[in-house]
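Structure file target_10.pdb with PDB, C-alpha atoms and all ligand atoms:
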ATOM      1  CA  MET A   1       9.752 -20.783  16.229
ATOM      2  CA  ASN A   2      11.754 -18.652  13.810
ATOM      3  CA  ILE A   3      11.467 -14.894  13.711
ATOM      4  CA  ILE A   4      13.349 -12.268  11.732
ATOM      5  CA  ARG A   5      13.970  -9.026  13.549
ATOM      6  CA  LEU A   6      15.324  -5.722  12.320
ATOM      7  CA  ASP A   7      17.699  -4.874  15.188
ATOM      8  CA  GLU A   8      18.918  -1.584  13.753
ATOM      9  CA  PRO A   9      19.173  -0.050  10.291
ATOM     10  CA  GLY A  10      20.885  -2.523   7.950
ATOM     11  CA  ARG A  11      20.818  -5.466  10.384
ATOM     12  CA  LEU A  12      18.209  -8.218  10.089
ATOM     13  CA  THR A  13      18.686 -11.206  12.382
ATOM     14  CA  LEU A  14      17.158 -14.676  12.296
ATOM     15  CA  LEU A  15      16.252 -15.665  15.864
ATOM     16  CA  GLN A  16      14.465 -18.384  17.779
ATOM     17  CA  SER A  17      11.611 -17.467  20.097
ATOM     18  CA  GLU A  18       8.860 -19.159  22.082
ATOM     19  CA  PRO A  19       5.631 -19.573  20.105
ATOM     20  CA  PRO A  20       2.798 -17.285  21.244
ATOM     21  CA  GLY A  21       0.381 -18.573  23.870
ATOM     22  CA  PRO A  22      -3.299 -19.297  23.170
ATOM     23  CA  PRO A  23      -5.328 -16.374  21.804
ATOM     24  CA  GLN A  24      -7.227 -14.162  24.251
ATOM     25  CA  PRO A  25     -10.923 -13.333  23.756
ATOM     26  CA  GLY A  26     -11.360 -11.518  20.443
ATOM     27  CA  GLU A  27      -7.961 -12.633  19.186
ATOM     28  CA  ALA A  28      -6.795 -15.170  16.630
ATOM     29  CA  LEU A  29      -3.514 -17.049  16.403
ATOM     30  CA  VAL A  30      -2.291 -17.265  12.818
ATOM     31  CA  ARG A  31       0.416 -19.090  10.921
ATOM     32  CA  VAL A  32       2.145 -16.794   8.435
ATOM     33  CA  HIS A  33       2.514 -18.155   4.864
ATOM     34  CA  ARG A  34       3.451 -15.087   2.829
ATOM     35  CA  ILE A  35       4.987 -11.688   3.592
ATOM     36  CA  GLY A  36       5.136  -8.965   0.961
ATOM     37  CA  VAL A  37       8.000  -6.479   1.213
ATOM     38  CA  CYS A  38       7.229  -2.828   0.540
ATOM     39  CA  GLY A  39       8.746   0.623   0.620
ATOM     40  CA  THR A  40       8.035   1.029   4.333
ATOM     41  CA  ASP A  41      10.162  -2.055   5.089
ATOM     42  CA  ILE A  42      12.927  -0.876   2.757
ATOM     43  CA  HIS A  43      12.961   2.584   4.381
ATOM     44  CA  ALA A  44      13.047   1.049   7.861
ATOM     45  CA  PHE A  45      15.965  -1.167   6.790
ATOM     46  CA  ALA A  46      17.757   1.863   5.363
ATOM     47  CA  GLY A  47      17.113   3.867   8.552
ATOM     48  CA  LYS A  48      15.026   6.409   6.630
ATOM     49  CA  GLN A  49      11.593   5.675   8.098
ATOM     50  CA  PRO A  50      10.663   8.617  10.348
ATOM     51  CA  PHE A  51       9.545   7.851  13.934
ATOM     52  CA  PHE A  52      10.560   4.210  13.556
ATOM     53  CA  SER A  53      11.905   2.447  16.636
ATOM     54  CA  TYR A  54      14.251  -0.554  16.706
ATOM     55  CA  PRO A  55      14.292  -3.471  17.243
ATOM     56  CA  ARG A  56      11.161  -4.263  15.238
ATOM     57  CA  ILE A  57       9.699  -7.321  13.527
ATOM     58  CA  LEU A  58       8.668  -6.079  10.075
ATOM     59  CA  GLY A  59       5.869  -7.454   7.919
ATOM     60  CA  HIS A  60       2.472  -5.873   7.277
ATOM     61  CA  GLU A  61       1.493  -7.444   3.927
ATOM     62  CA  LEU A  62       0.423 -10.867   5.049
ATOM     63  CA  GLY A  63      -1.223 -14.034   3.816
ATOM     64  CA  VAL A  64      -2.030 -16.173   6.868
ATOM     65  CA  GLU A  65      -3.931 -19.225   8.079
ATOM     66  CA  VAL A  66      -5.962 -19.234  11.293
ATOM     67  CA  ILE A  67      -4.718 -21.936  13.699
ATOM     68  CA  ALA A  68      -6.649 -20.999  16.868
ATOM     69  CA  VAL A  69      -9.288 -18.493  17.943
ATOM     70  CA  GLY A  70     -10.125 -17.026  21.333
ATOM     71  CA  ASP A  71     -13.582 -16.735  22.866
ATOM     72  CA  ASP A  72     -16.078 -14.397  21.200
ATOM     73  CA  VAL A  73     -14.519 -14.800  17.750
ATOM     74  CA  SER A  74     -17.101 -15.468  15.045
ATOM     75  CA  ASN A  75     -15.731 -13.859  11.854
ATOM     76  CA  VAL A  76     -13.020 -16.518  11.258
ATOM     77  CA  ARG A  77     -12.554 -20.218  11.981
ATOM     78  CA  VAL A  78      -9.541 -22.497  12.328
ATOM     79  CA  GLY A  79      -8.204 -23.316   8.861
ATOM     80  CA  ASP A  80      -9.392 -20.084   7.222
ATOM     81  CA  ARG A  81      -7.016 -18.467   4.756
ATOM     82  CA  CYS A  82      -6.974 -14.724   5.419
ATOM     83  CA  SER A  83      -5.580 -11.393   4.408
ATOM     84  CA  VAL A  84      -4.502  -9.207   7.332
ATOM     85  CA  GLU A  85      -5.657  -5.605   7.716
ATOM     86  CA  PRO A  86      -2.593  -4.438   9.673
ATOM     87  CA  TYR A  87      -4.024  -1.155  10.965
ATOM     88  CA  ILE A  88      -4.812  -1.856  14.596
ATOM     89  CA  ASN A  89      -7.151   0.947  15.691
ATOM     90  CA  CYS A  90      -8.305   1.995  19.167
ATOM     91  CA  GLN A  91     -12.069   1.752  18.418
ATOM     92  CA  THR A  92     -12.875   4.765  20.635
ATOM     93  CA  CYS A  93     -11.289   7.935  19.190
ATOM     94  CA  ILE A  94     -13.160  10.431  17.013
ATOM     95  CA  ALA A  95     -11.887   8.855  13.783
ATOM     96  CA  CYS A  96     -12.819   5.338  14.904
ATOM     97  CA  ARG A  97     -16.273   6.498  16.076
ATOM     98  CA  ARG A  98     -16.877   7.846  12.576
ATOM     99  CA  GLY A  99     -15.705   4.681  10.854
ATOM    100  CA  LYS A 100     -12.395   6.163   9.739
ATOM    101  CA  THR A 101     -10.403   3.378  11.352
ATOM    102  CA  ASN A 102      -7.560   3.953   8.850
ATOM    103  CA  CYS A 103      -6.611   7.264  10.497
ATOM    104  CA  CYS A 104      -7.243   6.405  14.164
ATOM    105  CA  THR A 105      -5.509   8.921  16.444
ATOM    106  CA  ASP A 106      -3.708   6.039  18.183
ATOM    107  CA  ILE A 107      -3.166   3.713  15.222
ATOM    108  CA  ARG A 108      -0.700   0.842  15.627
ATOM    109  CA  VAL A 109       0.323  -0.545  12.256
ATOM    110  CA  LEU A 110       1.693  -4.087  12.441
ATOM    111  CA  GLY A 111       5.336  -4.171  11.374
ATOM    112  CA  VAL A 112       5.676  -0.395  11.836
ATOM    113  CA  HIS A 113       4.501   0.793  15.272
ATOM    114  CA  THR A 114       4.230  -2.720  16.710
ATOM    115  CA  ASP A 115       5.732  -6.080  15.759
ATOM    116  CA  GLY A 116       4.479  -7.495  12.471
ATOM    117  CA  GLY A 117       4.393 -10.798  10.655
ATOM    118  CA  MET A 118       8.010 -11.732   9.898
ATOM    119  CA  ARG A 119       7.637 -14.770  12.163
ATOM    120  CA  GLU A 120       6.035 -18.175  11.930
ATOM    121  CA  GLN A 121       3.054 -17.392  14.178
ATOM    122  CA  PHE A 122       1.526 -14.438  15.986
ATOM    123  CA  THR A 123      -1.754 -13.315  17.549
ATOM    124  CA  LEU A 124      -3.813 -10.329  16.512
ATOM    125  CA  PRO A 125      -7.391  -9.024  16.895
ATOM    126  CA  ALA A 126      -9.556 -11.409  14.869
ATOM    127  CA  ARG A 127     -11.580  -8.448  13.564
ATOM    128  CA  LYS A 128      -8.502  -7.525  11.469
ATOM    129  CA  LEU A 129      -8.630 -10.807   9.513
ATOM    130  CA  HIS A 130     -10.347 -11.001   6.130
ATOM    131  CA  PRO A 131     -11.113 -14.559   5.016
ATOM    132  CA  CYS A 132     -10.324 -15.173   1.347
ATOM    133  CA  ALA A 133     -10.651 -18.903   0.643
ATOM    134  CA  LYS A 134     -10.542 -18.461  -3.154
ATOM    135  CA  LEU A 135      -7.309 -16.450  -3.176
ATOM    136  CA  THR A 136      -3.799 -17.881  -3.072
ATOM    137  CA  PHE A 137      -1.594 -16.928  -0.125
ATOM    138  CA  ASP A 138       0.350 -14.689  -2.542
ATOM    139  CA  GLN A 139      -2.858 -12.862  -3.416
ATOM    140  CA  ALA A 140      -3.891 -12.664   0.241
ATOM    141  CA  ALA A 141      -0.614 -10.881   0.993
ATOM    142  CA  LEU A 142      -1.042  -8.526  -1.979
ATOM    143  CA  VAL A 143      -4.436  -7.282  -0.761
ATOM    144  CA  GLU A 144      -2.801  -4.815   1.644
ATOM    145  CA  THR A 145      -0.580  -3.334  -1.079
ATOM    146  CA  LEU A 146      -3.592  -2.981  -3.322
ATOM    147  CA  SER A 147      -5.692  -1.518  -0.513
ATOM    148  CA  ILE A 148      -3.647   1.700  -0.386
ATOM    149  CA  GLY A 149      -4.457   2.445  -4.033
ATOM    150  CA  CYS A 150      -8.027   1.201  -3.722
ATOM    151  CA  HIS A 151      -8.695   3.461  -0.760
ATOM    152  CA  ALA A 152      -7.296   6.513  -2.562
ATOM    153  CA  VAL A 153      -9.490   5.835  -5.611
ATOM    154  CA  GLU A 154     -12.540   5.433  -3.351
ATOM    155  CA  ARG A 155     -11.654   8.673  -1.506
ATOM    156  CA  ALA A 156     -11.552  10.521  -4.828
ATOM    157  CA  GLN A 157     -14.842   8.947  -5.984
ATOM    158  CA  VAL A 158     -13.393   8.192  -9.407
ATOM    159  CA  GLU A 159     -16.119   7.833 -12.066
ATOM    160  CA  PRO A 160     -16.062   6.115 -15.473
ATOM    161  CA  ASP A 161     -15.875   9.439 -17.335
ATOM    162  CA  ASP A 162     -12.924  10.713 -15.291
ATOM    163  CA  VAL A 163      -9.496  11.342 -16.719
ATOM    164  CA  VAL A 164      -7.075  10.344 -13.957
ATOM    165  CA  LEU A 165      -3.412  11.224 -13.618
ATOM    166  CA  VAL A 166      -1.211   9.099 -11.358
ATOM    167  CA  ILE A 167       2.180  10.595 -10.543
ATOM    168  CA  GLY A 168       4.726   7.965  -9.535
ATOM    169  CA  ALA A 169       4.774   4.383 -10.842
ATOM    170  CA  GLY A 170       5.940   2.648  -7.665
ATOM    171  CA  PRO A 171       3.707   0.002  -6.057
ATOM    172  CA  ILE A 172       1.273   2.518  -4.531
ATOM    173  CA  GLY A 173       0.882   4.340  -7.834
ATOM    174  CA  LEU A 174       0.453   1.027  -9.669
ATOM    175  CA  ALA A 175      -2.332   0.048  -7.284
ATOM    176  CA  ALA A 176      -4.095   3.395  -7.772
ATOM    177  CA  MET A 177      -3.860   2.920 -11.566
ATOM    178  CA  GLN A 178      -5.371  -0.569 -11.389
ATOM    179  CA  PHE A 179      -8.389   0.600  -9.381
ATOM    180  CA  ALA A 180      -8.899   3.740 -11.507
ATOM    181  CA  ILE A 181      -8.897   1.538 -14.627
ATOM    182  CA  GLU A 182     -11.304  -0.846 -12.909
ATOM    183  CA  LYS A 183     -13.643   2.142 -12.381
ATOM    184  CA  GLY A 184     -13.562   2.729 -16.142
ATOM    185  CA  ALA A 185     -11.494   5.948 -16.027
ATOM    186  CA  GLN A 186      -8.932   6.988 -18.647
ATOM    187  CA  VAL A 187      -5.581   6.747 -16.874
ATOM    188  CA  ILE A 188      -2.390   8.704 -17.487
ATOM    189  CA  VAL A 189       0.830   7.933 -15.613
ATOM    190  CA  LEU A 190       3.691  10.385 -15.064
ATOM    191  CA  ASP A 191       7.097   9.094 -13.982
ATOM    192  CA  ILE A 192      10.725   9.548 -15.016
ATOM    193  CA  ASN A 193      11.616   5.842 -15.242
ATOM    194  CA  GLU A 194      10.998   4.508 -18.755
ATOM    195  CA  THR A 195      11.031   0.848 -17.650
ATOM    196  CA  ARG A 196       8.294   1.490 -15.104
ATOM    197  CA  LEU A 197       6.269   3.508 -17.619
ATOM    198  CA  GLU A 198       6.435   0.649 -20.133
ATOM    199  CA  PHE A 199       5.381  -1.736 -17.371
ATOM    200  CA  CYS A 200       2.284   0.401 -16.701
ATOM    201  CA  LYS A 201       1.323   0.369 -20.367
ATOM    202  CA  LYS A 202       1.978  -3.311 -21.097
ATOM    203  CA  GLN A 203       1.027  -4.962 -17.798
ATOM    204  CA  LEU A 204      -1.697  -2.706 -16.403
ATOM    205  CA  GLY A 205      -3.201  -1.303 -19.600
ATOM    206  CA  VAL A 206      -2.657   2.346 -18.650
ATOM    207  CA  HIS A 207      -3.864   4.523 -21.533
ATOM    208  CA  PHE A 208      -1.170   7.234 -21.675
ATOM    209  CA  ILE A 209       2.363   7.519 -20.314
ATOM    210  CA  ILE A 210       4.370  10.698 -19.802
ATOM    211  CA  ASN A 211       8.091  10.607 -19.106
ATOM    212  CA  GLY A 212       8.696  13.803 -17.151
ATOM    213  CA  ALA A 213      12.425  13.536 -17.854
ATOM    214  CA  ASN A 214      11.820  13.908 -21.608
ATOM    215  CA  GLU A 215       8.857  16.242 -21.924
ATOM    216  CA  ASN A 216       7.057  19.014 -20.067
ATOM    217  CA  ALA A 217       4.352  17.274 -18.052
ATOM    218  CA  LEU A 218       1.839  20.140 -18.199
ATOM    219  CA  ASP A 219       2.170  20.419 -21.991
ATOM    220  CA  ALA A 220       1.739  16.666 -22.349
ATOM    221  CA  LEU A 221      -1.368  16.685 -20.122
ATOM    222  CA  LYS A 222      -2.925  19.500 -22.147
ATOM    223  CA  ARG A 223      -2.244  17.597 -25.370
ATOM    224  CA  ILE A 224      -3.744  14.348 -24.043
ATOM    225  CA  THR A 225      -6.843  16.023 -22.535
ATOM    226  CA  SER A 226      -7.468  18.558 -25.322
ATOM    227  CA  GLY A 227      -6.615  21.350 -22.904
ATOM    228  CA  ASP A 228      -8.977  20.244 -20.081
ATOM    229  CA  LEU A 229      -6.374  18.671 -17.770
ATOM    230  CA  PRO A 230      -7.206  15.593 -15.647
ATOM    231  CA  GLY A 231     -10.187  15.803 -13.291
ATOM    232  CA  CYS A 232      -8.410  13.740 -10.682
ATOM    233  CA  VAL A 233      -4.707  13.671  -9.831
ATOM    234  CA  PHE A 234      -3.022  11.219  -7.451
ATOM    235  CA  ASP A 235       0.477  11.907  -6.172
ATOM    236  CA  ALA A 236       2.096   8.641  -5.121
ATOM    237  CA  THR A 237       5.684   9.868  -5.065
ATOM    238  CA  GLY A 238       6.110  11.208  -1.543
ATOM    239  CA  ASN A 239       8.501  13.650  -3.187
ATOM    240  CA  PRO A 240       8.112  17.289  -2.025
ATOM    241  CA  HIS A 241       8.948  18.758  -5.443
ATOM    242  CA  SER A 242       6.484  16.483  -7.201
ATOM    243  CA  MET A 243       3.786  17.204  -4.623
ATOM    244  CA  ALA A 244       4.227  20.977  -4.921
ATOM    245  CA  ALA A 245       4.203  20.783  -8.731
ATOM    246  CA  SER A 246       1.079  18.596  -8.755
ATOM    247  CA  PHE A 247      -1.157  21.608  -7.932
ATOM    248  CA  GLU A 248      -0.660  22.694 -11.562
ATOM    249  CA  PHE A 249      -2.144  19.515 -13.011
ATOM    250  CA  PRO A 250      -5.821  19.102 -11.969
ATOM    251  CA  ALA A 251      -8.619  20.490 -14.125
ATOM    252  CA  HIS A 252     -10.738  23.369 -12.859
ATOM    253  CA  GLY A 253     -13.102  21.826 -10.301
ATOM    254  CA  GLY A 254     -10.789  18.821  -9.955
ATOM    255  CA  ARG A 255      -9.394  16.772  -7.075
ATOM    256  CA  LEU A 256      -5.831  16.282  -5.921
ATOM    257  CA  VAL A 257      -5.071  13.285  -3.698
ATOM    258  CA  PHE A 258      -1.842  12.878  -1.737
ATOM    259  CA  ILE A 259      -1.199   9.187  -1.115
ATOM    260  CA  GLY A 260       2.540   9.424  -0.568
ATOM    261  CA  LEU A 261       3.960  11.507   2.234
ATOM    262  CA  PHE A 262       7.199  13.087   3.275
ATOM    263  CA  GLN A 263       8.248  14.722   6.528
ATOM    264  CA  GLY A 264       7.933  18.405   5.806
ATOM    265  CA  ASP A 265       5.748  21.186   4.419
ATOM    266  CA  VAL A 266       4.101  21.298   1.005
ATOM    267  CA  THR A 267       3.410  24.820  -0.224
ATOM    268  CA  PHE A 268       1.174  25.913  -3.076
ATOM    269  CA  ASN A 269       0.082  29.055  -4.817
ATOM    270  CA  ASP A 270      -3.282  30.035  -3.373
ATOM    271  CA  PRO A 271      -4.689  31.905  -6.407
ATOM    272  CA  ASN A 272      -3.967  28.817  -8.529
ATOM    273  CA  PHE A 273      -5.721  26.618  -5.939
ATOM    274  CA  HIS A 274      -8.648  28.992  -5.504
ATOM    275  CA  ARG A 275      -9.184  29.740  -9.197
ATOM    276  CA  ARG A 276      -9.615  26.034  -9.887
ATOM    277  CA  GLU A 277     -11.650  25.383  -6.734
ATOM    278  CA  LEU A 278      -9.555  22.286  -6.139
ATOM    279  CA  THR A 279     -10.426  19.612  -3.609
ATOM    280  CA  LEU A 280      -7.306  18.434  -1.800
ATOM    281  CA  LEU A 281      -7.515  15.017  -0.134
ATOM    282  CA  GLY A 282      -5.133  13.055   2.044
ATOM    283  CA  SER A 283      -5.364   9.286   1.759
ATOM    284  CA  ARG A 284      -3.945   7.111   4.515
ATOM    285  CA  ASN A 285      -3.907   3.314   4.851
ATOM    286  CA  ALA A 286      -7.249   1.682   4.036
ATOM    287  CA  LEU A 287     -10.576   0.596   5.526
ATOM    288  CA  SER A 288     -11.974  -2.875   6.187
ATOM    289  CA  ALA A 289     -14.411  -2.224   3.338
ATOM    290  CA  ASP A 290     -11.465  -1.760   0.942
ATOM    291  CA  PHE A 291     -10.158  -5.226   1.878
ATOM    292  CA  THR A 292     -13.588  -6.797   1.306
ATOM    293  CA  ARG A 293     -13.902  -5.046  -2.037
ATOM    294  CA  ILE A 294     -10.432  -6.070  -3.250
ATOM    295  CA  ILE A 295     -10.926  -9.712  -2.291
ATOM    296  CA  SER A 296     -14.110  -9.863  -4.357
ATOM    297  CA  LEU A 297     -12.489  -8.002  -7.291
ATOM    298  CA  ILE A 298      -9.607 -10.510  -7.338
ATOM    299  CA  GLU A 299     -12.062 -13.432  -7.049
ATOM    300  CA  SER A 300     -14.069 -12.148  -9.995
ATOM    301  CA  GLY A 301     -10.949 -11.504 -12.102
ATOM    302  CA  ARG A 302     -11.509  -7.737 -12.293
ATOM    303  CA  ILE A 303      -8.165  -7.095 -10.602
ATOM    304  CA  ASP A 304      -5.247  -9.103 -11.976
ATOM    305  CA  THR A 305      -2.407  -9.788  -9.532
ATOM    306  CA  THR A 306      -0.095 -11.571 -11.985
ATOM    307  CA  PRO A 307       2.113  -8.553 -12.838
ATOM    308  CA  TRP A 308       2.916  -7.801  -9.205
ATOM    309  CA  ILE A 309       5.384 -10.339  -7.822
ATOM    310  CA  THR A 310       8.842  -9.891  -9.370
ATOM    311  CA  HIS A 311      11.060 -11.434  -6.657
ATOM    312  CA  ARG A 312      10.750 -14.332  -4.221
ATOM    313  CA  ALA A 313      12.696 -15.686  -1.286
ATOM    314  CA  SER A 314      12.209 -18.344   1.353
ATOM    315  CA  PHE A 315      12.033 -17.169   4.965
ATOM    316  CA  MET A 316      15.481 -18.644   5.681
ATOM    317  CA  ASP A 317      17.033 -16.616   2.837
ATOM    318  CA  VAL A 318      15.543 -13.243   3.825
ATOM    319  CA  VAL A 319      18.554 -12.030   5.808
ATOM    320  CA  SER A 320      20.839 -12.478   2.774
ATOM    321  CA  GLN A 321      18.292 -11.493   0.090
ATOM    322  CA  PHE A 322      16.674  -8.447   1.672
ATOM    323  CA  PRO A 323      19.533  -5.991   0.992
ATOM    324  CA  THR A 324      19.351  -6.740  -2.757
ATOM    325  CA  TRP A 325      15.706  -5.567  -2.832
ATOM    326  CA  THR A 326      16.753  -2.105  -1.707
ATOM    327  CA  ASN A 327      18.512  -1.605  -5.039
ATOM    328  CA  PRO A 328      16.076  -0.107  -7.602
ATOM    329  CA  GLN A 329      18.279  -1.446 -10.416
ATOM    330  CA  THR A 330      16.980  -4.958  -9.675
ATOM    331  CA  GLY A 331      13.583  -3.886 -11.046
ATOM    332  CA  VAL A 332      11.805  -5.073  -7.930
ATOM    333  CA  ILE A 333       8.116  -4.245  -7.757
ATOM    334  CA  LYS A 334       7.066  -6.707  -5.090
ATOM    335  CA  ALA A 335       9.268  -9.228  -3.333
ATOM    336  CA  MET A 336       7.350 -12.062  -1.670
ATOM    337  CA  ILE A 337       8.668 -14.105   1.254
ATOM    338  CA  GLU A 338       7.408 -17.695   1.558
ATOM    339  CA  LEU A 339       7.261 -19.750   4.725
TER     340      LEU A 339
HETATM  341 ZN    ZN B 401       3.199  -1.951   2.449
HETATM  342 ZN    ZN B 402      -9.100   5.270  17.144
END
As C-alpha cells, please, write out the structure in this file.
Ligand SMILES: [Zn+2]
Ligand SMILES: [Zn+2]
Amino acid sequence: MNIIRLDEPGRLTLLQSEPPGPPQPGEALVRVHRIGVCGTDIHAFAGKQPFFSYPRILGHELGVEVIAVGDDVSNVRVGDRCSVEPYINCQTCIACRRGKTNCCTDIRVLGVHTDGGMREQFTLPARKLHPCAKLTFDQAALVETLSIGCHAVERAQVEPDDVVLVIGAGPIGLAAMQFAIEKGAQVIVLDINETRLEFCKKQLGVHFIINGANENALDALKRITSGDLPGCVFDATGNPHSMAASFEFPAHGGRLVFIGLFQGDVTFNDPNFHRRELTLLGSRNALSADFTRIISLIESGRIDTTPWITHRASFMDVVSQFPTWTNPQTGVIKAMIEL
C-alpha cells in the first residue's frame, strides 16, 4: 500500500509498505478516505513543531471506513464511516481516571507523537472511532478540526447572553467562533488580516470584526460592548505578544481561554488579573463527547462545514502540492487530501 512519510523537515516521500495485519482485540483496521491538513502538519513540515521526531507519518484529521474489527469491538462494524479521535490516551493516569482523556499524561496523538493517517490503511483502538453515517468523508475529517474549538467553547461554558471575543482567525479560531455562535453568543473577532476578517463576517456570520492593525483593540472592544468588555475571551493565536495582551480584554468576572500555545512563558500583571477576578483556562485537544456533539450538530445543520475546505489534492499529488499550502498567500484555510 501507499504511504506518505515526512522524513525530515521539508521532505515528504511517497513509499510502498506492507498493509497492516488483522486488528488485535479492541482494535479496528480502517481505510483512509480523507485527510485534513492543519497547522500542526505545516509546522512539522517546516521543522517548527517542538518535540517532533522524524520520520513521521502525518495525518490526524481523518475520515475513514472500517474494513475489519478485532475481538471485543462493539462500537463499530465493518463498513461504518467514521471520524477519528486521534488522541490515544493511556486510560489509567489521573487525567484519564477523571475523564479528561484529552490531557492524558502519556497522550499519543496520531500523526504527531505516533504515526497517523497519511496511508491507505492503518489500525487503531476502535474506541477512538466515531461512526457518522450521515456525514460525508470530508465532514468526517473536519470533525477533529472543529473539535478543538468546540472543546474550548464547552470549557468556557459559553451562554447565549455572553459576548465572546476570539483572537486569531486561523482554523482553530474559526472553529471557536462557529461554536460560540451556535451557543447564541455575540461574537467579536480580532485579527490583523483583513481577508480573514471578511471571511469571518461573510461565511461564519460573526457579529463584529476588529482589525488590530488599524485600530486599538481595547478601544474597539469598549465601543462594541458599551464599556463592559467581553465576558469570555479565546486566544487562538499561539502568539506570546497576543497572549500577554489578552489579559486586558476580558470583562470583570470574565474568562480567558488559551487554545493556542507557544513554547515559552506568558506573563501578566497580577493586579489587573486580581481586580477582575479572571478565570484563566487552558484548552487542549478535545473529548469523545465533543466528537459526538459535533457529529450531531453537523447532521442537524446547526454547524455548516461548507466554508471550510479551500484546497484539495489527491493522495498521489500531496508530495508536490503540500509545500504550496505552507504559503499563507494562497488563502488556505483547510486543504483536504482524497484517497
Ligand atoms: Zn489539526
Ligand atoms: Zn492517561
From CA of Phe234 in chain A to CA of Gly99 in chain A the spacing works out at 23.2 Å
Correct to one decimal, the distance CA of Ile67 in chain A-CA of Gly79 in chain A is 6.1 Å
List every protein, DNA or RNA residue that has at least one atom no more than 8 Å from (1.4, 0.1, 1.9) in the file's coordinates, counting only C-alpha atoms, and write the result as a ChimeraX atom specification. /A:38-40,61,144-148,172,285
*Please write out the residues within 12 Å of ligand ZN 402 (chain B) as a ChimeraX atom specification, counting all atoms listed in the file.*
/A:87-108
Shell of 12 Å around Thr195 in chain A, only C-alpha atoms, local chain residues under 2 positions omitted, as a VMD selection string: chain A and resid 169 to 170 191 to 193 197 to 203 209 211 328 to 333
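When you apply the PyMOL selection byres (((chain A and resi 57) around 6) and not hetatm) to this structure, what comes back is Arg5, Leu6, Arg56, Leu58, Gly111, Asp115, Gly116 and Met118 of chain A.
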Given 6 Å of margin on each side, can you work out the centre and size in Å (one decimal) of an axis-aligned box holding every listed atom of range 208-212 of chain A, as JSON?
{"center_x": 3.8, "center_y": 10.5, "center_z": -19.4, "size_x": 21.9, "size_y": 18.6, "size_z": 16.5}
Give me the residues within 7 Å of Pro250 in chain A as number ranges by chain, counting all atoms listed in the file and dropping any in the same chain fewer than 5 places off.
A: 229-233, 255-256
Apply the PyMOL selection byres (((chain A and resi 303-320) around 8) and not hetatm) to the displayed file and report the matching residues as a PDB file with C-alpha atoms, keeping the file's coordinate frame.
ATOM      1  CA  ILE A   4      13.349 -12.268  11.732  1.00  0.00           C
ATOM      2  CA  LEU A  12      18.209  -8.218  10.089  1.00  0.00           C
ATOM      3  CA  THR A  13      18.686 -11.206  12.382  1.00  0.00           C
ATOM      4  CA  LEU A  14      17.158 -14.676  12.296  1.00  0.00           C
ATOM      5  CA  GLN A 139      -2.858 -12.862  -3.416  1.00  0.00           C
ATOM      6  CA  LEU A 142      -1.042  -8.526  -1.979  1.00  0.00           C
ATOM      7  CA  GLN A 178      -5.371  -0.569 -11.389  1.00  0.00           C
ATOM      8  CA  PHE A 179      -8.389   0.600  -9.381  1.00  0.00           C
ATOM      9  CA  GLU A 182     -11.304  -0.846 -12.909  1.00  0.00           C
ATOM     10  CA  GLN A 203       1.027  -4.962 -17.798  1.00  0.00           C
ATOM     11  CA  LEU A 204      -1.697  -2.706 -16.403  1.00  0.00           C
ATOM     12  CA  ILE A 294     -10.432  -6.070  -3.250  1.00  0.00           C
ATOM     13  CA  LEU A 297     -12.489  -8.002  -7.291  1.00  0.00           C
ATOM     14  CA  ILE A 298      -9.607 -10.510  -7.338  1.00  0.00           C
ATOM     15  CA  SER A 300     -14.069 -12.148  -9.995  1.00  0.00           C
ATOM     16  CA  GLY A 301     -10.949 -11.504 -12.102  1.00  0.00           C
ATOM     17  CA  ARG A 302     -11.509  -7.737 -12.293  1.00  0.00           C
ATOM     18  CA  GLN A 321      18.292 -11.493   0.090  1.00  0.00           C
ATOM     19  CA  PHE A 322      16.674  -8.447   1.672  1.00  0.00           C
ATOM     20  CA  PRO A 323      19.533  -5.991   0.992  1.00  0.00           C
ATOM     21  CA  GLY A 331      13.583  -3.886 -11.046  1.00  0.00           C
ATOM     22  CA  VAL A 332      11.805  -5.073  -7.930  1.00  0.00           C
ATOM     23  CA  ILE A 333       8.116  -4.245  -7.757  1.00  0.00           C
ATOM     24  CA  LYS A 334       7.066  -6.707  -5.090  1.00  0.00           C
ATOM     25  CA  ALA A 335       9.268  -9.228  -3.333  1.00  0.00           C
ATOM     26  CA  MET A 336       7.350 -12.062  -1.670  1.00  0.00           C
ATOM     27  CA  ILE A 337       8.668 -14.105   1.254  1.00  0.00           C
ATOM     28  CA  GLU A 338       7.408 -17.695   1.558  1.00  0.00           C
ATOM     29  CA  LEU A 339       7.261 -19.750   4.725  1.00  0.00           C
TER      30      LEU A 339
END
Taking the partial coordinates given, rebuild range 126-133 of chain A to contain N, CA and C atoms; return it as a tab-separated table (two decimals), keeping the file's coordinate frame.
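Final output, selection.tsv:
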chain	number	residue	atom	x	y	z
A	126	ALA	N	-8.94	-10.65	15.96
A	126	ALA	CA	-9.56	-11.41	14.87
A	126	ALA	C	-10.33	-10.51	13.91
A	127	ARG	N	-10.81	-9.36	14.43
A	127	ARG	CA	-11.58	-8.45	13.56
A	127	ARG	C	-10.73	-7.90	12.43
A	128	LYS	N	-9.40	-8.03	12.52
A	128	LYS	CA	-8.50	-7.52	11.47
A	128	LYS	C	-8.17	-8.59	10.43
A	129	LEU	N	-8.84	-9.74	10.49
A	129	LEU	CA	-8.63	-10.81	9.51
A	129	LEU	C	-9.76	-10.80	8.48
A	130	HIS	N	-9.37	-10.96	7.23
A	130	HIS	CA	-10.35	-11.00	6.13
A	130	HIS	C	-10.24	-12.33	5.41
A	131	PRO	N	-11.19	-13.25	5.66
A	131	PRO	CA	-11.11	-14.56	5.02
A	131	PRO	C	-11.18	-14.43	3.48
A	132	CYS	N	-10.37	-15.23	2.82
A	132	CYS	CA	-10.32	-15.17	1.35
A	132	CYS	C	-9.97	-16.55	0.81
A	133	ALA	N	-10.90	-17.49	0.97
A	133	ALA	CA	-10.65	-18.90	0.64
A	133	ALA	C	-10.28	-19.11	-0.82
